[in-house]
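As provided, coords_25.csv (CSV, C-alpha atoms and all ligand atoms) reads as follows.
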```
chain,number,residue,atom,x,y,z
A,937,MET,CA,-3.2,11.8,18.4
A,938,THR,CA,0.2,10.7,17.1
A,939,LEU,CA,-0.2,12.0,13.5
A,940,ASP,CA,-1.7,15.4,14.3
A,941,GLY,CA,-0.6,17.9,11.7
A,942,LYS,CA,0.7,15.3,9.3
A,943,VAL,CA,-0.5,14.8,5.7
A,944,ALA,CA,-0.7,11.3,4.3
A,945,LEU,CA,-1.1,10.1,0.7
A,946,VAL,CA,-2.5,6.6,0.4
A,947,THR,CA,-2.6,5.1,-3.1
A,948,GLY,CA,-5.5,2.8,-3.9
A,949,GLY,CA,-7.4,4.3,-0.9
A,950,SER,CA,-10.8,3.7,-2.4
A,951,ARG,CA,-11.1,0.0,-1.3
A,952,GLY,CA,-9.6,-2.8,0.8
A,953,ILE,CA,-6.4,-2.3,2.7
A,954,GLY,CA,-5.9,1.2,1.3
A,955,ALA,CA,-9.3,2.4,2.4
A,956,ALA,CA,-8.8,0.9,5.9
A,957,THR,CA,-5.4,2.6,6.1
A,958,ALA,CA,-6.8,6.0,5.0
A,959,VAL,CA,-9.4,5.8,7.8
A,960,ARG,CA,-6.9,4.6,10.4
A,961,LEU,CA,-4.4,7.3,9.7
A,962,ALA,CA,-7.2,9.9,10.0
A,963,GLU,CA,-8.2,8.3,13.3
A,964,ASP,CA,-4.6,8.9,14.4
A,965,GLY,CA,-4.8,12.6,13.4
A,966,ALA,CA,-3.6,12.8,9.8
A,967,ASP,CA,-5.2,14.7,6.9
A,968,VAL,CA,-5.5,12.2,4.0
A,969,VAL,CA,-5.2,12.3,0.3
A,970,LEU,CA,-6.3,9.0,-1.4
A,971,THR,CA,-6.0,7.9,-5.0
A,972,TYR,CA,-8.2,5.6,-7.0
A,973,VAL,CA,-8.5,4.5,-10.6
A,974,ALA,CA,-12.1,3.8,-11.4
A,975,ASN,CA,-14.2,3.8,-8.2
A,976,ALA,CA,-14.9,7.5,-7.6
A,977,ASP,CA,-17.9,6.6,-5.6
A,978,ARG,CA,-16.0,4.3,-3.2
A,979,ALA,CA,-13.3,6.9,-2.9
A,980,GLY,CA,-15.9,9.6,-2.1
A,981,GLU,CA,-17.2,7.3,0.7
A,982,ILE,CA,-13.8,7.1,2.3
A,983,VAL,CA,-13.3,10.9,2.0
A,984,ASP,CA,-16.6,11.3,3.8
A,985,ARG,CA,-15.5,8.9,6.6
A,986,VAL,CA,-12.2,10.8,7.0
A,987,LYS,CA,-14.1,14.1,7.2
A,988,ALA,CA,-16.5,12.7,9.7
A,989,LEU,CA,-13.4,12.1,11.9
A,990,GLY,CA,-12.7,15.8,11.8
A,991,ARG,CA,-9.8,15.5,9.3
A,992,ARG,CA,-9.3,17.0,5.9
A,993,ALA,CA,-9.5,14.6,2.9
A,994,LEU,CA,-9.2,14.6,-0.9
A,995,ALA,CA,-9.6,11.9,-3.5
A,996,VAL,CA,-7.7,12.1,-6.7
A,997,ALA,CA,-7.8,9.8,-9.8
A,998,ALA,CA,-4.3,8.4,-10.5
A,999,ASP,CA,-3.6,5.3,-12.6
A,1000,HIS,CA,-0.2,3.6,-12.2
A,1001,ALA,CA,-0.3,3.1,-15.9
A,1002,ASP,CA,-0.3,6.8,-16.4
A,1003,SER,CA,2.8,8.4,-14.7
A,1004,ALA,CA,1.5,11.9,-15.4
A,1005,SER,CA,-1.7,11.2,-13.3
A,1006,VAL,CA,0.5,9.8,-10.5
A,1007,THR,CA,2.7,12.9,-10.4
A,1008,ALA,CA,-0.4,15.1,-10.6
A,1009,ALA,CA,-1.9,13.3,-7.6
A,1010,VAL,CA,1.2,14.2,-5.5
A,1011,ASP,CA,1.1,17.8,-6.8
A,1012,ALA,CA,-2.7,18.0,-5.9
A,1013,ALA,CA,-1.9,16.7,-2.3
A,1014,VAL,CA,0.7,19.3,-1.7
A,1015,ALA,CA,-1.3,22.1,-3.4
A,1016,GLU,CA,-4.4,21.3,-1.2
A,1017,PHE,CA,-2.7,20.7,2.2
A,1018,GLY,CA,0.7,22.5,1.8
A,1019,ARG,CA,2.9,19.6,2.8
A,1020,LEU,CA,3.4,15.8,2.6
A,1021,ASP,CA,4.7,13.7,5.4
A,1022,ILE,CA,3.6,10.1,4.8
A,1023,LEU,CA,3.3,8.1,1.6
A,1024,VAL,CA,1.6,4.7,1.7
A,1025,ASN,CA,2.2,2.8,-1.6
A,1026,ASN,CA,-0.8,0.5,-1.4
A,1027,ALA,CA,-2.2,0.4,-4.9
A,1028,GLY,CA,-1.6,-2.8,-6.7
A,1029,ILE,CA,-3.2,-5.6,-8.7
A,1030,GLY,CA,-3.3,-9.3,-8.3
A,1031,TYR,CA,-2.4,-11.9,-11.0
A,1032,VAL,CA,-2.6,-15.7,-11.0
A,1033,ALA,CA,-1.8,-17.8,-14.1
A,1034,PRO,CA,0.6,-20.6,-15.0
A,1035,PHE,CA,4.1,-19.4,-15.9
A,1036,ALA,CA,3.9,-20.9,-19.4
A,1037,GLU,CA,0.7,-19.0,-20.1
A,1038,THR,CA,1.8,-15.6,-18.8
A,1039,GLY,CA,2.2,-13.4,-21.9
A,1040,LEU,CA,4.8,-10.6,-22.0
A,1041,ALA,CA,1.9,-8.0,-22.3
A,1042,GLU,CA,0.7,-9.2,-18.9
A,1043,VAL,CA,4.2,-9.0,-17.5
A,1044,GLY,CA,4.2,-5.3,-18.6
A,1045,ARG,CA,0.8,-4.6,-17.1
A,1046,VAL,CA,1.5,-6.1,-13.7
A,1047,LEU,CA,5.0,-4.7,-13.4
A,1048,THR,CA,3.6,-1.3,-14.4
A,1049,ALA,CA,0.9,-1.4,-11.7
A,1050,ASN,CA,3.0,-3.0,-8.9
A,1051,VAL,CA,6.5,-1.6,-9.5
A,1052,HIS,CA,6.6,1.2,-12.1
A,1053,GLY,CA,3.7,3.0,-10.4
A,1054,VAL,CA,5.3,2.7,-7.0
A,1055,PHE,CA,8.6,4.0,-8.3
A,1056,ALA,CA,6.8,7.0,-10.0
A,1057,VAL,CA,4.6,8.0,-7.1
A,1058,THR,CA,7.5,7.7,-4.6
A,1059,GLN,CA,9.8,9.7,-6.8
A,1060,ALA,CA,7.3,12.5,-6.9
A,1061,ALA,CA,6.4,12.3,-3.2
A,1062,ALA,CA,10.0,12.0,-1.9
A,1063,ALA,CA,10.8,15.5,-3.1
A,1064,HIS,CA,8.3,16.8,-0.5
A,1065,LEU,CA,9.2,14.6,2.4
A,1066,GLY,CA,11.3,16.0,5.2
A,1067,GLU,CA,12.6,15.1,8.7
A,1068,GLY,CA,10.2,12.5,10.1
A,1069,GLY,CA,8.9,11.6,6.7
A,1070,ARG,CA,7.6,8.1,6.0
A,1071,VAL,CA,7.4,5.8,2.9
A,1072,ILE,CA,5.5,2.6,3.6
A,1073,THR,CA,4.9,0.2,0.8
A,1074,ILE,CA,2.5,-2.8,0.7
A,1075,GLY,CA,4.2,-5.9,-0.7
A,1076,SER,CA,3.0,-9.4,-0.1
A,1077,CYS,CA,3.6,-12.6,1.8
A,1078,VAL,CA,4.3,-14.3,-1.5
A,1079,SER,CA,7.8,-12.7,-1.2
A,1080,ASP,CA,8.4,-14.9,1.8
A,1081,ARG,CA,6.5,-18.0,0.9
A,1082,VAL,CA,4.8,-18.8,-2.4
A,1083,PRO,CA,1.6,-20.8,-1.5
A,1084,GLY,CA,1.3,-22.7,-4.8
A,1085,PRO,CA,1.6,-22.5,-8.6
A,1086,GLY,CA,0.5,-19.6,-10.8
A,1087,MET,CA,2.2,-16.9,-8.7
A,1088,VAL,CA,5.5,-16.2,-10.7
A,1089,LEU,CA,4.5,-12.9,-12.1
A,1090,TYR,CA,2.9,-11.5,-9.0
A,1091,ALA,CA,5.8,-12.8,-6.8
A,1092,VAL,CA,8.3,-11.1,-9.1
A,1093,SER,CA,6.3,-7.8,-8.9
A,1094,LYS,CA,6.1,-7.9,-5.1
A,1095,SER,CA,9.6,-9.1,-4.5
A,1096,ALA,CA,11.0,-6.1,-6.4
A,1097,LEU,CA,9.7,-4.0,-3.5
A,1098,THR,CA,12.2,-5.5,-1.1
A,1099,GLY,CA,15.1,-4.1,-3.1
A,1100,PHE,CA,13.2,-0.9,-3.6
A,1101,THR,CA,12.7,-0.5,0.1
A,1102,LYS,CA,16.2,-1.3,1.2
A,1103,ALA,CA,17.9,0.8,-1.4
A,1104,LEU,CA,15.6,3.8,-0.9
A,1105,ALA,CA,16.0,3.6,2.8
A,1106,ARG,CA,19.8,4.2,2.3
A,1107,GLU,CA,19.0,7.2,0.0
A,1108,LEU,CA,16.4,9.0,2.2
A,1109,ALA,CA,17.9,8.3,5.6
A,1110,PRO,CA,20.1,11.4,5.5
A,1111,ARG,CA,16.9,13.5,5.2
A,1112,GLY,CA,15.3,11.8,8.2
A,1113,VAL,CA,12.9,9.8,6.1
A,1114,THR,CA,12.3,6.1,6.9
A,1115,VAL,CA,11.3,3.6,4.2
A,1116,ASN,CA,9.6,0.3,5.2
A,1117,LEU,CA,7.7,-2.6,3.7
A,1118,VAL,CA,4.6,-4.4,4.9
A,1119,HIS,CA,3.9,-8.0,3.8
A,1120,PRO,CA,0.2,-8.8,4.3
A,1121,GLY,CA,-1.0,-12.4,4.3
A,1122,PRO,CA,-4.4,-13.3,2.9
A,1123,ILE,CA,-6.6,-10.3,3.7
A,1124,ASP,CA,-10.4,-10.2,3.0
A,1125,THR,CA,-10.8,-7.6,0.2
A,1126,ASP,CA,-12.2,-7.5,-3.3
A,1127,MET,CA,-8.9,-8.7,-4.6
A,1128,ASN,CA,-8.8,-11.8,-2.3
A,1129,PRO,CA,-12.3,-12.4,-0.7
A,1130,ALA,CA,-12.4,-14.7,2.3
A,1131,ASP,CA,-15.3,-16.6,0.6
A,1132,GLY,CA,-13.3,-17.0,-2.7
A,1133,PRO,CA,-12.5,-20.4,-4.3
A,1134,TYR,CA,-9.0,-20.6,-2.8
A,1135,ALA,CA,-9.7,-18.9,0.5
A,1136,ALA,CA,-9.8,-22.0,2.7
A,1137,ASP,CA,-6.4,-23.2,1.5
A,1138,GLN,CA,-4.9,-19.7,2.1
A,1139,ALA,CA,-6.4,-19.5,5.6
A,1140,ALA,CA,-5.1,-23.0,6.4
A,1141,MET,CA,-1.6,-21.9,5.5
A,1142,THR,CA,-1.5,-19.3,8.2
A,1143,ALA,CA,-0.5,-20.2,11.7
A,1144,LEU,CA,-3.6,-18.4,13.0
A,1145,GLY,CA,-5.8,-20.4,10.6
A,1146,ARG,CA,-7.8,-17.4,9.3
A,1147,TYR,CA,-7.9,-14.5,6.9
A,1148,GLY,CA,-6.8,-11.1,8.1
A,1149,ARG,CA,-8.8,-7.9,8.0
A,1150,PRO,CA,-7.8,-4.7,6.3
A,1151,ASP,CA,-7.8,-2.9,9.6
A,1152,GLU,CA,-5.2,-5.4,10.9
A,1153,VAL,CA,-2.8,-4.3,8.2
A,1154,ALA,CA,-3.7,-0.6,8.7
A,1155,ALA,CA,-2.7,-0.9,12.3
A,1156,THR,CA,0.9,-1.8,11.4
A,1157,VAL,CA,1.0,0.9,8.7
A,1158,ALA,CA,-0.1,3.4,11.4
A,1159,PHE,CA,2.7,2.3,13.7
A,1160,LEU,CA,5.3,2.7,10.9
A,1161,ALA,CA,3.8,6.1,10.1
A,1162,SER,CA,4.1,7.3,13.7
A,1163,SER,CA,7.1,8.7,15.6
A,1164,ALA,CA,7.1,5.4,17.6
A,1165,SER,CA,8.8,3.7,14.7
A,1166,SER,CA,11.6,6.3,14.5
A,1167,TYR,CA,14.4,3.7,14.6
A,1168,VAL,CA,12.8,1.4,12.1
A,1169,THR,CA,13.9,1.7,8.4
A,1170,ALA,CA,14.6,-0.7,5.6
A,1171,ALA,CA,12.5,-3.2,7.5
A,1172,THR,CA,9.9,-5.7,6.3
A,1173,VAL,CA,7.0,-6.3,8.7
A,1174,SER,CA,4.8,-9.3,8.1
A,1175,VAL,CA,1.1,-9.0,8.9
A,1176,ASP,CA,0.3,-12.5,7.7
A,1177,GLY,CA,-1.1,-14.5,10.5
A,1178,GLY,CA,2.1,-16.6,10.4
A,1179,HIS,CA,1.8,-17.5,6.7
A,1180,ALA,CA,5.6,-17.6,6.4
A,1181,ALA,CA,6.1,-19.8,9.5
A,1201,LIG,P1,-8.3,-4.1,-3.8
A,1201,LIG,O1,-8.4,-4.8,-5.1
A,1201,LIG,O2,-9.3,-4.4,-2.8
A,1201,LIG,O3,-8.0,-2.5,-4.0
A,1201,LIG,C1,-7.1,-2.1,-4.9
A,1201,LIG,C2,-6.9,-0.6,-4.8
A,1201,LIG,O4,-5.9,-0.2,-5.8
A,1201,LIG,C3,-8.2,0.1,-5.2
A,1201,LIG,O5,-8.2,1.4,-4.5
A,1201,LIG,C4,-7.9,0.4,-6.7
A,1201,LIG,O6,-8.7,1.6,-7.2
A,1201,LIG,C5,-6.4,0.7,-6.8
A,1201,LIG,N1,-5.8,0.3,-8.0
A,1201,LIG,C6,-6.1,-0.8,-8.8
A,1201,LIG,N2,-5.3,-0.7,-9.9
A,1201,LIG,C7,-4.6,0.4,-9.9
A,1201,LIG,C8,-3.7,1.0,-10.8
A,1201,LIG,N3,-3.4,0.5,-12.0
A,1201,LIG,N4,-3.2,2.2,-10.4
A,1201,LIG,C9,-3.5,2.8,-9.2
A,1201,LIG,N5,-4.4,2.3,-8.4
A,1201,LIG,C10,-4.9,1.1,-8.7
A,1201,LIG,O7,-6.8,-4.6,-3.2
A,1201,LIG,P2,-6.3,-5.0,-1.8
A,1201,LIG,O8,-6.8,-4.0,-0.8
A,1201,LIG,O9,-6.6,-6.4,-1.5
A,1201,LIG,O10,-4.7,-4.8,-2.0
A,1201,LIG,C11,-4.0,-3.6,-1.6
A,1201,LIG,C12,-2.5,-4.0,-1.7
A,1201,LIG,O11,-2.2,-5.1,-0.9
A,1201,LIG,C13,-2.1,-4.4,-3.2
A,1201,LIG,O12,-0.8,-3.9,-3.4
A,1201,LIG,C14,-2.0,-5.9,-3.0
A,1201,LIG,O13,-1.1,-6.5,-4.0
A,1201,LIG,C15,-1.6,-6.1,-1.6
A,1201,LIG,N6,-1.9,-7.4,-1.0
A,1201,LIG,C16,-3.1,-7.8,-0.8
A,1201,LIG,C17,-3.4,-9.0,-0.2
A,1201,LIG,C18,-4.8,-9.6,0.0
A,1201,LIG,O14,-4.9,-10.8,0.4
A,1201,LIG,N7,-5.8,-8.8,-0.2
A,1201,LIG,C19,-2.3,-9.9,0.2
A,1201,LIG,C20,-1.0,-9.3,0.0
A,1201,LIG,C21,-0.8,-8.1,-0.6
A,1201,LIG,P3,-10.2,1.5,-7.7
A,1201,LIG,O15,-11.1,1.2,-6.5
A,1201,LIG,O16,-10.5,2.7,-8.4
A,1201,LIG,O17,-10.2,0.3,-8.7
```

Rewrite the structure from the file as structure tokens, please.
Ligand code: NDP
Amino acid sequence: MTLDGKVALVTGGSRGIGAATAVRLAEDGADVVLTYVANADRAGEIVDRVKALGRRALAVAADHADSASVTAAVDAAVAEFGRLDILVNNAGIGYVAPFAETGLAEVGRVLTANVHGVFAVTQAAAAHLGEGGRVITIGSCVSDRVPGPGMVLYAVSKSALTGFTKALARELAPRGVTVNLVHPGPIDTDMNPADGPYAADQAAMTALGRYGRPDEVAATVAFLASSASSYVTAATVSVDGGHAA
């Protein structure tokens, strides 16, 4: 197991890409703390799956709109397991609407969830990361190629993570911590179901001609979390089926 003895914190681990990532990191040997906002039952199911793999697991409620709850989640992880090695910034929300109809309240809500929350949880977590530590953030393929109208606010929120990743990589490198970004393409989750109204168009935009699965994103996160990625930092890795081609 490549992650034996490591402790990972996965935000938004109750569903979708985060849930698959929590399970995959546990399969690779890590103990896992996952956060959720509302779905305590779904979070509990993922905790049970991690424990069934013989790993320790904990679910903590943490809303990116509430910085105190985010900091408390990091504190709970360290209090429970005594250390923190891997942060996966996965939690985020989607948003599609014409630019002209995007109110400033919505700008605040989306940037809070997708940028401010990432900043807050990473700031709290980074204090505990040491040599070999990992920060892995889930961005989006819309930072590389915008598939159509209505994506301005979401693209702004996800593109901010490129600067975040590169700048933070420079700051944390002296401590032996790498910082990387993953750009998923269309992935079959509650946020973007493969049977949704725009799914066929999204699948057609990929070179592979299909949606991806959450476990296909989790596999790349697992690589970036492992020691095999020791010379990879400030990188963006696309897991998008060729959406940007
Ligand atoms: P889901 O909607 O399936 O799951 C979202 C997760 O984030 C849930 O665990 C949810 O918790 C949590 N969450 C939602 N809002 C907040 C908040 N305000 N604060 C903290 N946690 C929150 O999403 P996906 O798995 O599809 O997406 C995961 C990440 O991948 C997101 O950052 C998304 O932008 C990105 N992404 C997804 C793509 C896709 O096609 N699916 C494509 C490209 C990027 P709860 O269960 O309690 O609601």

- Can you pull out every residue within 10 Å of Arg951 in chain A, counting only C-alpha atoms, but drop anything in the same chain fewer than 5 positions away, and send it as a PyMOL selection string? chain A and resi 956-958+972+975+978-979+981-982+1027+1125-1127+1150

- Task: Mind giving me the straight-line distance from CA of Ala1154 in chain A to CA of Asp1011 in chain A in Å, one decimal?
- Result: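 CA of Asp1011 in chain A lies 24.5 Å from CA of Ala1154 in chain A.
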
- Could you tell me which of A:Ala1061, A:Val1078, A:Leu1020, A:Ala1015 comes closest to ligand LIG 1201 (chain A) if we count all atoms listed in the file?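 Residue with the minimum atom-to-atom distance to ligand LIG 1201 (chain A): A:Val1078.
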
- Query: Of the residues A:Ala1105, A:Ala1062, A:Val973, A:Val968, which is the one nearest to ligand LIG 1201 (chain A), using all atoms listed in the file?
  - Reply: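 Answer, going by the shortest atom-to-atom distance: A:Val973.
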
- Query: Given the choices A:Asp967, A:Glu1016, A:Glu1067, A:Asp1137, which gets closest to Ser1163 in chain A if the distance is worked out from all atoms listed in the file?
  - Reply: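 The shortest atom-to-atom distance to Ser1163 in chain A comes from A:Glu1067.
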
- Task: Excluding Pro1129 in chain A and any residue of its chain fewer than 6 positions from it, enumerate the residues within 12 Å of it, using only C-alpha atoms, and give them as a PyMOL selection string.
- Result: chain A and resi 952+1122-1123+1135-1136+1138-1139+1147-1150

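Across A:Leu1065, A:Cys1077, A:Val1168, A:Ile1072, the tightest approach to ligand LIG 1201 (chain A) is made by A:Cys1077 when counting only C-alpha atoms and all ligand atoms.
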
- Residues near Gly1086 in chain A, cut-off 9 Å, all atoms listed in the file, skip fewer than 4 positions along chain, as number ranges by chain: A: 1031-1035, 1090

- Using all atoms listed in the file, find all polymer residues with an atom at most 9 Å away from the point (4.3, -3.3, 3.0); report them as a list in words. Val1024, Asn1025, Asn1026, Ile1072, Thr1073, Ile1074, Gly1075, Ser1076, Leu1097, Asn1116, Leu1117, Val1118, His1119, Pro1120, Val1153, Val1157, Thr1172, Val1173, Ser1174 and Val1175 of chain A

- Query: Which one of A:Ala1158, A:Ala1171, A:Ala1049, A:Ala1063 sits closest to ligand LIG 1201 (chain A) if you count only C-alpha atoms and all ligand atoms?
  - Reply: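 Of A:Ala1158, A:Ala1171, A:Ala1049, A:Ala1063, the one nearest ligand LIG 1201 (chain A), counting only C-alpha atoms and all ligand atoms, is A:Ala1049.
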
- Item | From A:Arg1081, A:Arg1045, A:Arg1106, A:Arg991, residue lying nearest ligand LIG 1201 (chain A) [only C-alpha atoms and all ligand atoms] |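 Of A:Arg1081, A:Arg1045, A:Arg1106, A:Arg991, the one nearest ligand LIG 1201 (chain A) is A:Arg1045, counting only C-alpha atoms and all ligand atoms.
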
- Query: So what do you get for CA of Asp1002 in chain A versus CA of Asp1124 in chain A, distance-wise?
  - Reply: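 CA of Asp1002 in chain A sits 27.7 Å away from CA of Asp1124 in chain A.
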
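Computed from the coordinates, the CA of Ala1041 in chain A to CA of Ala997 in chain A distance equals 23.8 Å.
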
- Query: Using only C-alpha atoms, which residues sit within 6 Å of Gly949 in chain A once same-chain residues fewer than 3 positions away are excluded, as a count of residues only?
  - Reply: 5

- Quick one: residues within 8 Å of Leu939 in chain A, all atoms listed in the file counted, chain neighbours fewer than 2 positions away excluded, as a PyMOL selection string? chain A and resi 937+941-942+961+964-966+1161-1162

Output C-alpha atoms of each residue in that selection to a file, as a compact mmCIF listing (two decimals), in the coordinates of the input.
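For reference, result.txt as written:
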```txt
# COMPACT_ATOMS: atom_id res chain seq x y z
CA MET A 937 -3.20 11.80 18.40
CA GLY A 941 -0.60 17.90 11.70
CA LYS A 942 0.70 15.30 9.30
CA LEU A 961 -4.40 7.30 9.70
CA ASP A 964 -4.60 8.90 14.40
CA GLY A 965 -4.80 12.60 13.40
CA ALA A 966 -3.60 12.80 9.80
CA ALA A 1161 3.80 6.10 10.10
CA SER A 1162 4.10 7.30 13.70
```

Since the input is missing atoms, can you rebuild N, CA, C and O atoms for range 1130-1151 of chain A and write them as a PDB file, in the coordinates of the input?
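Contents of selection.pdb, freshly written:
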```pdb
ATOM      1  N   ALA A1130     -12.527 -13.529   1.355  1.00  0.00           N
ATOM      2  CA  ALA A1130     -12.400 -14.700   2.300  1.00  0.00           C
ATOM      3  C   ALA A1130     -13.427 -15.760   1.959  1.00  0.00           C
ATOM      4  O   ALA A1130     -13.353 -16.842   2.547  1.00  0.00           O
ATOM      5  N   ASP A1131     -14.353 -15.494   1.027  1.00  0.00           N
ATOM      6  CA  ASP A1131     -15.300 -16.600   0.600  1.00  0.00           C
ATOM      7  C   ASP A1131     -14.939 -16.977  -0.868  1.00  0.00           C
ATOM      8  O   ASP A1131     -15.768 -17.579  -1.545  1.00  0.00           O
ATOM      9  N   GLY A1132     -13.728 -16.654  -1.331  1.00  0.00           N
ATOM     10  CA  GLY A1132     -13.300 -17.000  -2.700  1.00  0.00           C
ATOM     11  C   GLY A1132     -12.945 -18.477  -2.807  1.00  0.00           C
ATOM     12  O   GLY A1132     -12.826 -19.194  -1.797  1.00  0.00           O
ATOM     13  N   PRO A1133     -12.739 -18.955  -4.024  1.00  0.00           N
ATOM     14  CA  PRO A1133     -12.500 -20.400  -4.300  1.00  0.00           C
ATOM     15  C   PRO A1133     -11.232 -20.941  -3.614  1.00  0.00           C
ATOM     16  O   PRO A1133     -11.164 -22.122  -3.311  1.00  0.00           O
ATOM     17  N   TYR A1134     -10.219 -20.103  -3.413  1.00  0.00           N
ATOM     18  CA  TYR A1134      -9.000 -20.600  -2.800  1.00  0.00           C
ATOM     19  C   TYR A1134      -8.762 -20.110  -1.385  1.00  0.00           C
ATOM     20  O   TYR A1134      -7.685 -20.239  -0.812  1.00  0.00           O
ATOM     21  N   ALA A1135      -9.822 -19.549  -0.819  1.00  0.00           N
ATOM     22  CA  ALA A1135      -9.700 -18.900   0.500  1.00  0.00           C
ATOM     23  C   ALA A1135      -9.377 -19.931   1.600  1.00  0.00           C
ATOM     24  O   ALA A1135      -8.534 -19.675   2.463  1.00  0.00           O
ATOM     25  N   ALA A1136     -10.045 -21.055   1.577  1.00  0.00           N
ATOM     26  CA  ALA A1136      -9.800 -22.000   2.700  1.00  0.00           C
ATOM     27  C   ALA A1136      -8.396 -22.497   2.703  1.00  0.00           C
ATOM     28  O   ALA A1136      -7.798 -22.624   3.784  1.00  0.00           O
ATOM     29  N   ASP A1137      -7.820 -22.734   1.521  1.00  0.00           N
ATOM     30  CA  ASP A1137      -6.400 -23.200   1.500  1.00  0.00           C
ATOM     31  C   ASP A1137      -5.493 -22.079   2.009  1.00  0.00           C
ATOM     32  O   ASP A1137      -4.532 -22.366   2.734  1.00  0.00           O
ATOM     33  N   GLN A1138      -5.768 -20.839   1.628  1.00  0.00           N
ATOM     34  CA  GLN A1138      -4.900 -19.700   2.100  1.00  0.00           C
ATOM     35  C   GLN A1138      -5.013 -19.590   3.616  1.00  0.00           C
ATOM     36  O   GLN A1138      -3.998 -19.401   4.297  1.00  0.00           O
ATOM     37  N   ALA A1139      -6.211 -19.658   4.134  1.00  0.00           N
ATOM     38  CA  ALA A1139      -6.400 -19.500   5.600  1.00  0.00           C
ATOM     39  C   ALA A1139      -5.660 -20.657   6.312  1.00  0.00           C
ATOM     40  O   ALA A1139      -5.021 -20.441   7.349  1.00  0.00           O
ATOM     41  N   ALA A1140      -5.732 -21.855   5.736  1.00  0.00           N
ATOM     42  CA  ALA A1140      -5.100 -23.000   6.400  1.00  0.00           C
ATOM     43  C   ALA A1140      -3.576 -22.882   6.410  1.00  0.00           C
ATOM     44  O   ALA A1140      -2.919 -23.476   7.274  1.00  0.00           O
ATOM     45  N   MET A1141      -3.013 -22.118   5.483  1.00  0.00           N
ATOM     46  CA  MET A1141      -1.600 -21.900   5.500  1.00  0.00           C
ATOM     47  C   MET A1141      -1.050 -20.999   6.539  1.00  0.00           C
ATOM     48  O   MET A1141       0.155 -20.937   6.805  1.00  0.00           O
ATOM     49  N   THR A1142      -1.928 -20.228   7.135  1.00  0.00           N
ATOM     50  CA  THR A1142      -1.500 -19.300   8.200  1.00  0.00           C
ATOM     51  C   THR A1142      -1.439 -20.074   9.520  1.00  0.00           C
ATOM     52  O   THR A1142      -2.178 -21.051   9.718  1.00  0.00           O
ATOM     53  N   ALA A1143      -0.567 -19.621  10.412  1.00  0.00           N
ATOM     54  CA  ALA A1143      -0.500 -20.200  11.700  1.00  0.00           C
ATOM     55  C   ALA A1143      -1.805 -19.954  12.512  1.00  0.00           C
ATOM     56  O   ALA A1143      -2.265 -20.796  13.283  1.00  0.00           O
ATOM     57  N   LEU A1144      -2.389 -18.776  12.272  1.00  0.00           N
ATOM     58  CA  LEU A1144      -3.600 -18.400  13.000  1.00  0.00           C
ATOM     59  C   LEU A1144      -4.853 -19.073  12.403  1.00  0.00           C
ATOM     60  O   LEU A1144      -5.929 -19.028  13.004  1.00  0.00           O
ATOM     61  N   GLY A1145      -4.720 -19.624  11.200  1.00  0.00           N
ATOM     62  CA  GLY A1145      -5.800 -20.400  10.600  1.00  0.00           C
ATOM     63  C   GLY A1145      -6.985 -19.538  10.122  1.00  0.00           C
ATOM     64  O   GLY A1145      -8.108 -20.030  10.026  1.00  0.00           O
ATOM     65  N   ARG A1146      -6.726 -18.285   9.781  1.00  0.00           N
ATOM     66  CA  ARG A1146      -7.800 -17.400   9.300  1.00  0.00           C
ATOM     67  C   ARG A1146      -7.299 -16.323   8.412  1.00  0.00           C
ATOM     68  O   ARG A1146      -6.099 -16.038   8.407  1.00  0.00           O
ATOM     69  N   TYR A1147      -8.207 -15.719   7.676  1.00  0.00           N
ATOM     70  CA  TYR A1147      -7.900 -14.500   6.900  1.00  0.00           C
ATOM     71  C   TYR A1147      -7.670 -13.334   7.882  1.00  0.00           C
ATOM     72  O   TYR A1147      -8.208 -13.301   9.001  1.00  0.00           O
ATOM     73  N   GLY A1148      -6.916 -12.361   7.400  1.00  0.00           N
ATOM     74  CA  GLY A1148      -6.800 -11.100   8.100  1.00  0.00           C
ATOM     75  C   GLY A1148      -7.800 -10.086   7.624  1.00  0.00           C
ATOM     76  O   GLY A1148      -8.412 -10.263   6.565  1.00  0.00           O
ATOM     77  N   ARG A1149      -7.960  -9.031   8.405  1.00  0.00           N
ATOM     78  CA  ARG A1149      -8.800  -7.900   8.000  1.00  0.00           C
ATOM     79  C   ARG A1149      -8.002  -6.729   7.580  1.00  0.00           C
ATOM     80  O   ARG A1149      -6.885  -6.528   8.079  1.00  0.00           O
ATOM     81  N   PRO A1150      -8.536  -5.908   6.685  1.00  0.00           N
ATOM     82  CA  PRO A1150      -7.800  -4.700   6.300  1.00  0.00           C
ATOM     83  C   PRO A1150      -7.329  -3.841   7.429  1.00  0.00           C
ATOM     84  O   PRO A1150      -6.212  -3.308   7.396  1.00  0.00           O
ATOM     85  N   ASP A1151      -8.154  -3.738   8.474  1.00  0.00           N
ATOM     86  CA  ASP A1151      -7.800  -2.900   9.600  1.00  0.00           C
ATOM     87  C   ASP A1151      -6.556  -3.448  10.353  1.00  0.00           C
ATOM     88  O   ASP A1151      -5.819  -2.700  11.015  1.00  0.00           O
TER      89      ASP A1151
END
```
